[in-house]
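Participant: The structure under discussion is supplied below as C-alpha cells; questions concerning it will follow.
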Amino acid sequence: MRPLGIRATTLVVLVYLGAALAVLQGFVGTGLPVQFGASVVSHVTGMAAGYGAAIMLILMSRSPWLERDLGAHRLARWHAWGGPLVIVLTVAHAFAAVAAWAAATSIDLVGASKDVLDLPGLVTASVGTVILVLIGFSSLRTVRRRISYERWHFLHLLTYLAVGLGFAHQLAGPDLAGRRWLQIAWALLYTYAFALVVRWRVLQPLFQLWRHRLRVEQVRQEAPDVFSVVMSGRHLDELRAEPGQFFRWRFLTRETWRSAYPFSLSAPPTRHVLRITVKARGDGTRRLFKIPRGTLVFAEGPYGALTGRRRRRPRVLLIAGGVGITPMRTLFEEIDLPGKDVTLVYRASQEQDLVLKHELDEIAERSGARVVYLVGPTSDARNDMSAHALNRIVGDLSDHDVYLCGSPRLASRVRGSLMDSGFPRHQLHEERFSF
Amino acid sequence: MSDAALDFGRRIPRIARLSVAVSPSLIRWTLRLVTLLLFGAATAVGVNAGMGAPEISPTSVVNHDRAAPPDL
C-alpha cells in the first residue's frame with residue numbers, strides 16, 4: 001500500500017487529536033479529580049463513541065479528496081475496524097451509564113434502566129443503539145455469509161438513522177451541556193459529516209444521472225455465470241474515470257434499485273460507453289442478468305486508486321484471479337508504460353472461468369504485453385503464485401509495480417508471500433471487494 | 001419502487017434534455033455553488049443546534065429529581 005501523502009497524514013493526525021480531546025473531555029466531564037468507576041467509563045466511552053460515529057460517517061461519505069488521498073481500500077479497512085469499535089463503545093457507554101446511575105441513586109439496575117429511559121432523548125438514543133448493534137451483528141462473518149448482500153446493504157444504510165437518533169442525547173450530555181462552544185463544535189462536526197454524505201452519496205449521483213443519462217445498452221454473457229453490462233451515456237469523459245477504477249451501480253428497475261453494487265470498469269471508459277463485467281454470486285447479482293435495455297443507471301463514482309498513477313517502477317505485473325480480471329483488463333490495455341513491459345498473470349480454476357480471454361489475447365498481440373494463464377487446481381505446482389514463482393515468470397520482481405485483484409483467499413496468499421519475500425509494500429497496489 | 005416513481009424515472013431523460021446543452025464549466029460552477037449552499041446550511045443548522053442545546057444536562061445524575069445530593 002502506498003504511504004500517506006502530506007494532506008492525508010495531516011488529516012489522520014487531526015482525527016487522532018480530535019479523538020484525544022473527546023476522551024479528555026470525557027474525563028473532565030466526570031469532575032476533577034477523576035475517580036475511576038462506572039461513571040468515568042460512561043463519560044469516556046460516550047464521548048469516544050459519539051466522536052467515532054461522526055468520523056465513520058465522514059470516512060464513508062465518498063468525498064473525492066478522501067478517496068483520492070487515502071484510497072477506497074484504506075478507508076474500507078479503517079471502517080472495518082472503526083465501525084465495530086464505535087458499536088462496542090456505544091454499548092459499553094449504555095451499560096456503564098446505567099451502572100453509574102444505579103450507584104449514584106442507590107437503586108437496582110432494573111430501576112436505574114427505567115429511570116434512564118425516562119430521561120429526555122434517551123429512548124431515541126437507545127433505539128439508535130439497538131439499530132447499531134443489529135448492524136454490527138449482521139456484519140459478523142458467520143451471519144454475513146447467511147444473508148444476502150442486498151439485505152445487509154439495506155441494514156447498513158440504517159446507520160444514518162441510528163446516528164441521527166443519538167444526536168440530541170449527545171448535545172445534552174453532561175460532558176457538553178453548559179459548554180456552549182463545545183456544543184456548537186460538536187453539532188457542526190455532525191452537520192458537516194451529514195452534509196458530506198448528502199453532497200457525495202446523494203447529490204453527486206443524482207447530478208450524474210441528470211447530466212450523463214446513463215442507460216443499459218446491452219447485457220451480454222461472457223461465461224456460464226459471468227456477463228457484461230454495456231452502458232451508454234453523454235459526456236462520460238467528464239466523469240474522469242480511469243482504467244482500474246470502480247463505481248457503485250444502482251440499476252433503476254423495480255427489483256434492483258435498492259442495492260448499489262461495486263463493480264470495476266472492465267473496458268477503458270470512452271466518451272459515450274462504460275462497461276462492467278459481473279459474476280453472478282447470489283440472487284441479487286443474478287437479477288442483473290435480466291436488466292432490460294434502456295434501464296437508467298444511478299452511478300456513484302468513480303472510486304479507487306488502483307490506477308496507472310500508482311506506478312513508480314519501470315515494469316508492471318498485474319495479478320488477477322477469477323472475475324478480479326475486470327480492473328486488470330483495463331489496466332492491461334491502457335497502462336501508460338514506455339516499452340509496454342507489462343505482464344498479466346491470470347489465475348482461474350478452469351478454462352471456462354477465464355473471463356474476457358479473447359480480449360486479453362488480442363491486447364497482448366497488439367501491444368506486445370505478455371499474458372500468462374494459470375489454470376487448474378492450486379495443488380498443481382504450475383499454478384504456484386508465490387513470490388518465488390512470480391519472480392520466475394517476470395524476471396526481476398523487485399523492479400515491478402504489482403497490481404493485485406482477486407478473491408480474498410488468493411489476494412491474501414499472494415500478498416503474504418510477497419511480504420515474506422521482502423517485496424516493498426508500497427509497490428503492491430490492490431483493491432479488495434467482497435460481498 | 002412505486003409505479004409513479006418508476007414513471008418519473010422513465011421521464012427523466014425528457015425532463016433532463018437541458019443537461020445535454022449545458023457547458024461543463026457552467027456545470028462545475030453550479031456544483032460548487034450547490035456545495036457552498038449545502039455547507040452554509042449545515043453551518044446554520046449546526047450553530048443553531050449548538051446554541052439551542054440545553055445548558056444543564058438532563059442526563060446528569062446531580063440534576064435529576066431522584067438524584068443523590070450533588071456531593072456524590
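Naming scheme: A, B, ... for chains in displayed order of the C-alpha cells; residues 1 onward per chain; ligands 1 onward as shown.
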Would you list the contacts of region 277-286 of chain A as a count of residues only, taking every protein, DNA or RNA residue within 10 Å and counting only C-alpha atoms, but skipping same-chain residues closer than 5 positions in sequence?
Facilitator: 36
Participant: Each residue of chain A with at least one atom at most 8 Å from chain B should appear once, together with its nearest atom pair and the corresponding distance in Å (one decimal); atoms considered: only C-alpha atoms; ordering: chain, then increasing residue number; output as a Markdown table.
Facilitator:
```
| residue | atom | partner | partner_atom | distance |
| --- | --- | --- | --- | --- |
| A:Trp101 | CA | B:Val61 | CA | 6.5 |
| A:Ala104 | CA | B:Ala68 | CA | 6.2 |
| A:Thr105 | CA | B:Ala68 | CA | 5.4 |
| A:Val116 | CA | B:Thr59 | CA | 7.6 |
| A:Leu119 | CA | B:Thr59 | CA | 6.2 |
| A:Pro120 | CA | B:Pro58 | CA | 6.6 |
| A:Leu171 | CA | B:Ala53 | CA | 6.1 |
| A:Ala172 | CA | B:Ser57 | CA | 5.3 |
| A:Gly173 | CA | B:Ser57 | CA | 5.6 |
| A:Pro174 | CA | B:Ser57 | CA | 5.0 |
| A:Ala177 | CA | B:Glu55 | CA | 4.9 |
| A:Gly178 | CA | B:Glu55 | CA | 4.0 |
| A:Arg179 | CA | B:Glu55 | CA | 7.3 |
| A:Arg180 | CA | B:Met51 | CA | 6.6 |
| A:Trp181 | CA | B:Gly50 | CA | 7.7 |
| A:Gln183 | CA | B:Gly50 | CA | 4.8 |
| A:Ile184 | CA | B:Gly50 | CA | 3.9 |
| A:Ala185 | CA | B:Gly50 | CA | 7.4 |
| A:Trp186 | CA | B:Gly50 | CA | 7.5 |
| A:Ala187 | CA | B:Gly46 | CA | 4.8 |
| A:Leu188 | CA | B:Gly46 | CA | 4.5 |
| A:Leu189 | CA | B:Gly46 | CA | 8.0 |
| A:Tyr190 | CA | B:Gly46 | CA | 7.6 |
| A:Thr191 | CA | B:Ala42 | CA | 5.2 |
| A:Tyr192 | CA | B:Ala42 | CA | 5.9 |
| A:Ala195 | CA | B:Ala42 | CA | 6.3 |
| A:Arg199 | CA | B:Thr35 | CA | 6.8 |
| A:Trp210 | CA | B:Ala16 | CA | 5.9 |
| A:Arg211 | CA | B:Ser19 | CA | 5.1 |
| A:His212 | CA | B:Ser19 | CA | 7.9 |
| A:Arg213 | CA | B:Pro13 | CA | 6.7 |
| A:Arg234 | CA | B:Val20 | CA | 7.3 |
| A:Glu238 | CA | B:Pro24 | CA | 7.7 |
| A:Leu252 | CA | B:Gly9 | CA | 7.9 |
| A:Thr253 | CA | B:Leu6 | CA | 7.7 |
| A:Arg254 | CA | B:Met1 | CA | 5.7 |
| A:Trp257 | CA | B:Met1 | CA | 7.7 |
| A:Leu296 | CA | B:Gly9 | CA | 7.6 |
```
Participant: Once DSSP has gone over the backbone, tell me which residues of region 259-385 of chain A are in strand (DSSP E or B), as number ranges by chain.
Facilitator: A: 261-265, 273-279, 296-303, 315-321, 342-348, 370-375
Participant: Quick one: distance from CA of Gly406 (chain A) to CA of Ser386 (chain A) in Å, one decimal?
Facilitator: 14.5 Å
Participant: One decimal, in Å: what's the spacing between CA of Val163 (chain A) and CA of Ser139 (chain A)?
Facilitator: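 A separation of 17.2 Å between them.
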Participant: With a distance cut-off of 12 Å and only C-alpha atoms, select the neighbouring residues of Ala364 (chain A), excluding the residue or stretch itself and same-chain residues fewer than 6 positions from it, and output the selection as a PyMOL selection string.
Facilitator: chain A and resi 329+332-334+340-344+357-358+370-372
Participant: Please dump the current selection as a PDB file, in the first residue's frame; keep N, CA and C atoms.
Facilitator:
```pdb
ATOM      1  N   ARG A 329      -7.973  -5.952 -16.713  1.00  0.00           N
ATOM      2  CA  ARG A 329      -8.118  -5.957 -18.171  1.00  0.00           C
ATOM      3  C   ARG A 329      -7.990  -4.531 -18.724  1.00  0.00           C
ATOM      4  N   PHE A 332      -4.402  -3.442 -18.278  1.00  0.00           N
ATOM      5  CA  PHE A 332      -3.572  -4.182 -19.230  1.00  0.00           C
ATOM      6  C   PHE A 332      -3.559  -3.467 -20.582  1.00  0.00           C
ATOM      7  N   GLU A 333      -4.707  -2.920 -20.941  1.00  0.00           N
ATOM      8  CA  GLU A 333      -4.804  -2.247 -22.231  1.00  0.00           C
ATOM      9  C   GLU A 333      -4.258  -0.822 -22.162  1.00  0.00           C
ATOM     10  N   GLU A 334      -4.492  -0.154 -21.037  1.00  0.00           N
ATOM     11  CA  GLU A 334      -4.281   1.294 -21.006  1.00  0.00           C
ATOM     12  C   GLU A 334      -3.054   1.771 -20.254  1.00  0.00           C
ATOM     13  N   LYS A 340       6.017  -0.938 -22.977  1.00  0.00           N
ATOM     14  CA  LYS A 340       4.926  -1.853 -22.635  1.00  0.00           C
ATOM     15  C   LYS A 340       5.439  -3.106 -21.931  1.00  0.00           C
ATOM     16  N   ASP A 341       6.290  -2.903 -20.915  1.00  0.00           N
ATOM     17  CA  ASP A 341       6.800  -4.060 -20.176  1.00  0.00           C
ATOM     18  C   ASP A 341       5.787  -4.455 -19.108  1.00  0.00           C
ATOM     19  N   VAL A 342       4.695  -5.030 -19.587  1.00  0.00           N
ATOM     20  CA  VAL A 342       3.594  -5.393 -18.693  1.00  0.00           C
ATOM     21  C   VAL A 342       3.323  -6.889 -18.812  1.00  0.00           C
ATOM     22  N   THR A 343       3.202  -7.536 -17.654  1.00  0.00           N
ATOM     23  CA  THR A 343       2.846  -8.953 -17.655  1.00  0.00           C
ATOM     24  C   THR A 343       1.561  -9.120 -16.856  1.00  0.00           C
ATOM     25  N   LEU A 344       0.633  -9.862 -17.409  1.00  0.00           N
ATOM     26  CA  LEU A 344      -0.605 -10.165 -16.691  1.00  0.00           C
ATOM     27  C   LEU A 344      -0.619 -11.653 -16.355  1.00  0.00           C
ATOM     28  N   LYS A 357     -11.045 -13.666 -22.107  1.00  0.00           N
ATOM     29  CA  LYS A 357      -9.751 -14.207 -22.577  1.00  0.00           C
ATOM     30  C   LYS A 357      -9.423 -13.725 -23.999  1.00  0.00           C
ATOM     31  N   HIS A 358     -10.450 -13.741 -24.871  1.00  0.00           N
ATOM     32  CA  HIS A 358     -10.181 -13.336 -26.250  1.00  0.00           C
ATOM     33  C   HIS A 358      -9.704 -11.882 -26.321  1.00  0.00           C
ATOM     34  N   ARG A 370       2.543  -9.225 -22.176  1.00  0.00           N
ATOM     35  CA  ARG A 370       2.507 -10.679 -22.029  1.00  0.00           C
ATOM     36  C   ARG A 370       1.376 -11.104 -21.091  1.00  0.00           C
ATOM     37  N   VAL A 371       0.665 -12.163 -21.450  1.00  0.00           N
ATOM     38  CA  VAL A 371      -0.361 -12.681 -20.552  1.00  0.00           C
ATOM     39  C   VAL A 371      -0.063 -14.156 -20.265  1.00  0.00           C
ATOM     40  N   VAL A 372      -0.104 -14.503 -18.977  1.00  0.00           N
ATOM     41  CA  VAL A 372       0.184 -15.875 -18.545  1.00  0.00           C
ATOM     42  C   VAL A 372      -1.055 -16.408 -17.829  1.00  0.00           C
TER      43      VAL A 372
END
```
Participant: Taking a cut-off of 8 Å and counting only C-alpha atoms, can you build a table that, for each residue of region 35-70 of chain A near region 75-87 of chain A, reports the nearest atom pair and how far apart they are in Å (one decimal), sorted by chain then residue number, as JSON lines?
Facilitator:
```
{"residue": "A:Ala48", "atom": "CA", "partner": "A:Val86", "partner_atom": "CA", "distance": 7.7}
{"residue": "A:Ala49", "atom": "CA", "partner": "A:Val86", "partner_atom": "CA", "distance": 5.0}
{"residue": "A:Gly50", "atom": "CA", "partner": "A:Val86", "partner_atom": "CA", "distance": 7.9}
{"residue": "A:Gly52", "atom": "CA", "partner": "A:Val86", "partner_atom": "CA", "distance": 5.8}
{"residue": "A:Ala53", "atom": "CA", "partner": "A:Val86", "partner_atom": "CA", "distance": 6.2}
{"residue": "A:Met56", "atom": "CA", "partner": "A:His79", "partner_atom": "CA", "distance": 6.5}
{"residue": "A:Leu59", "atom": "CA", "partner": "A:Leu75", "partner_atom": "CA", "distance": 6.3}
{"residue": "A:Met60", "atom": "CA", "partner": "A:Leu75", "partner_atom": "CA", "distance": 7.3}
{"residue": "A:Glu67", "atom": "CA", "partner": "A:Leu75", "partner_atom": "CA", "distance": 7.5}
{"residue": "A:Leu70", "atom": "CA", "partner": "A:Leu75", "partner_atom": "CA", "distance": 6.6}
```
Participant: Could you turn the residues from that selection into a file that holds N, CA and C atoms, as a PDB file, in the first residue's frame?
Facilitator:
```pdb
ATOM      1  N   ALA A  48     -16.136   9.104  23.221  1.00  0.00           N
ATOM      2  CA  ALA A  48     -15.378   8.426  22.155  1.00  0.00           C
ATOM      3  C   ALA A  48     -16.332   7.854  21.102  1.00  0.00           C
ATOM      4  N   ALA A  49     -17.452   7.269  21.544  1.00  0.00           N
ATOM      5  CA  ALA A  49     -18.406   6.685  20.592  1.00  0.00           C
ATOM      6  C   ALA A  49     -19.032   7.776  19.720  1.00  0.00           C
ATOM      7  N   GLY A  50     -19.414   8.883  20.347  1.00  0.00           N
ATOM      8  CA  GLY A  50     -20.031   9.985  19.593  1.00  0.00           C
ATOM      9  C   GLY A  50     -19.082  10.556  18.560  1.00  0.00           C
ATOM     10  N   GLY A  52     -16.412   8.990  17.320  1.00  0.00           N
ATOM     11  CA  GLY A  52     -16.116   7.933  16.347  1.00  0.00           C
ATOM     12  C   GLY A  52     -17.222   7.791  15.316  1.00  0.00           C
ATOM     13  N   ALA A  53     -18.484   7.916  15.744  1.00  0.00           N
ATOM     14  CA  ALA A  53     -19.603   7.773  14.801  1.00  0.00           C
ATOM     15  C   ALA A  53     -19.531   8.862  13.730  1.00  0.00           C
ATOM     16  N   MET A  56     -16.707   8.043  11.338  1.00  0.00           N
ATOM     17  CA  MET A  56     -17.082   6.961  10.420  1.00  0.00           C
ATOM     18  C   MET A  56     -17.955   7.491   9.276  1.00  0.00           C
ATOM     19  N   LEU A  59     -15.635   9.287   6.898  1.00  0.00           N
ATOM     20  CA  LEU A  59     -14.791   8.369   6.123  1.00  0.00           C
ATOM     21  C   LEU A  59     -15.572   7.684   5.006  1.00  0.00           C
ATOM     22  N   MET A  60     -16.858   7.401   5.260  1.00  0.00           N
ATOM     23  CA  MET A  60     -17.645   6.681   4.257  1.00  0.00           C
ATOM     24  C   MET A  60     -18.528   7.628   3.433  1.00  0.00           C
ATOM     25  N   GLU A  67     -11.173   9.768  -0.961  1.00  0.00           N
ATOM     26  CA  GLU A  67     -10.959   8.573  -1.784  1.00  0.00           C
ATOM     27  C   GLU A  67      -9.609   8.664  -2.501  1.00  0.00           C
ATOM     28  N   LEU A  70      -6.580   8.990   0.518  1.00  0.00           N
ATOM     29  CA  LEU A  70      -6.431   7.825   1.398  1.00  0.00           C
ATOM     30  C   LEU A  70      -6.633   6.509   0.645  1.00  0.00           C
TER      31      LEU A  70
END
```
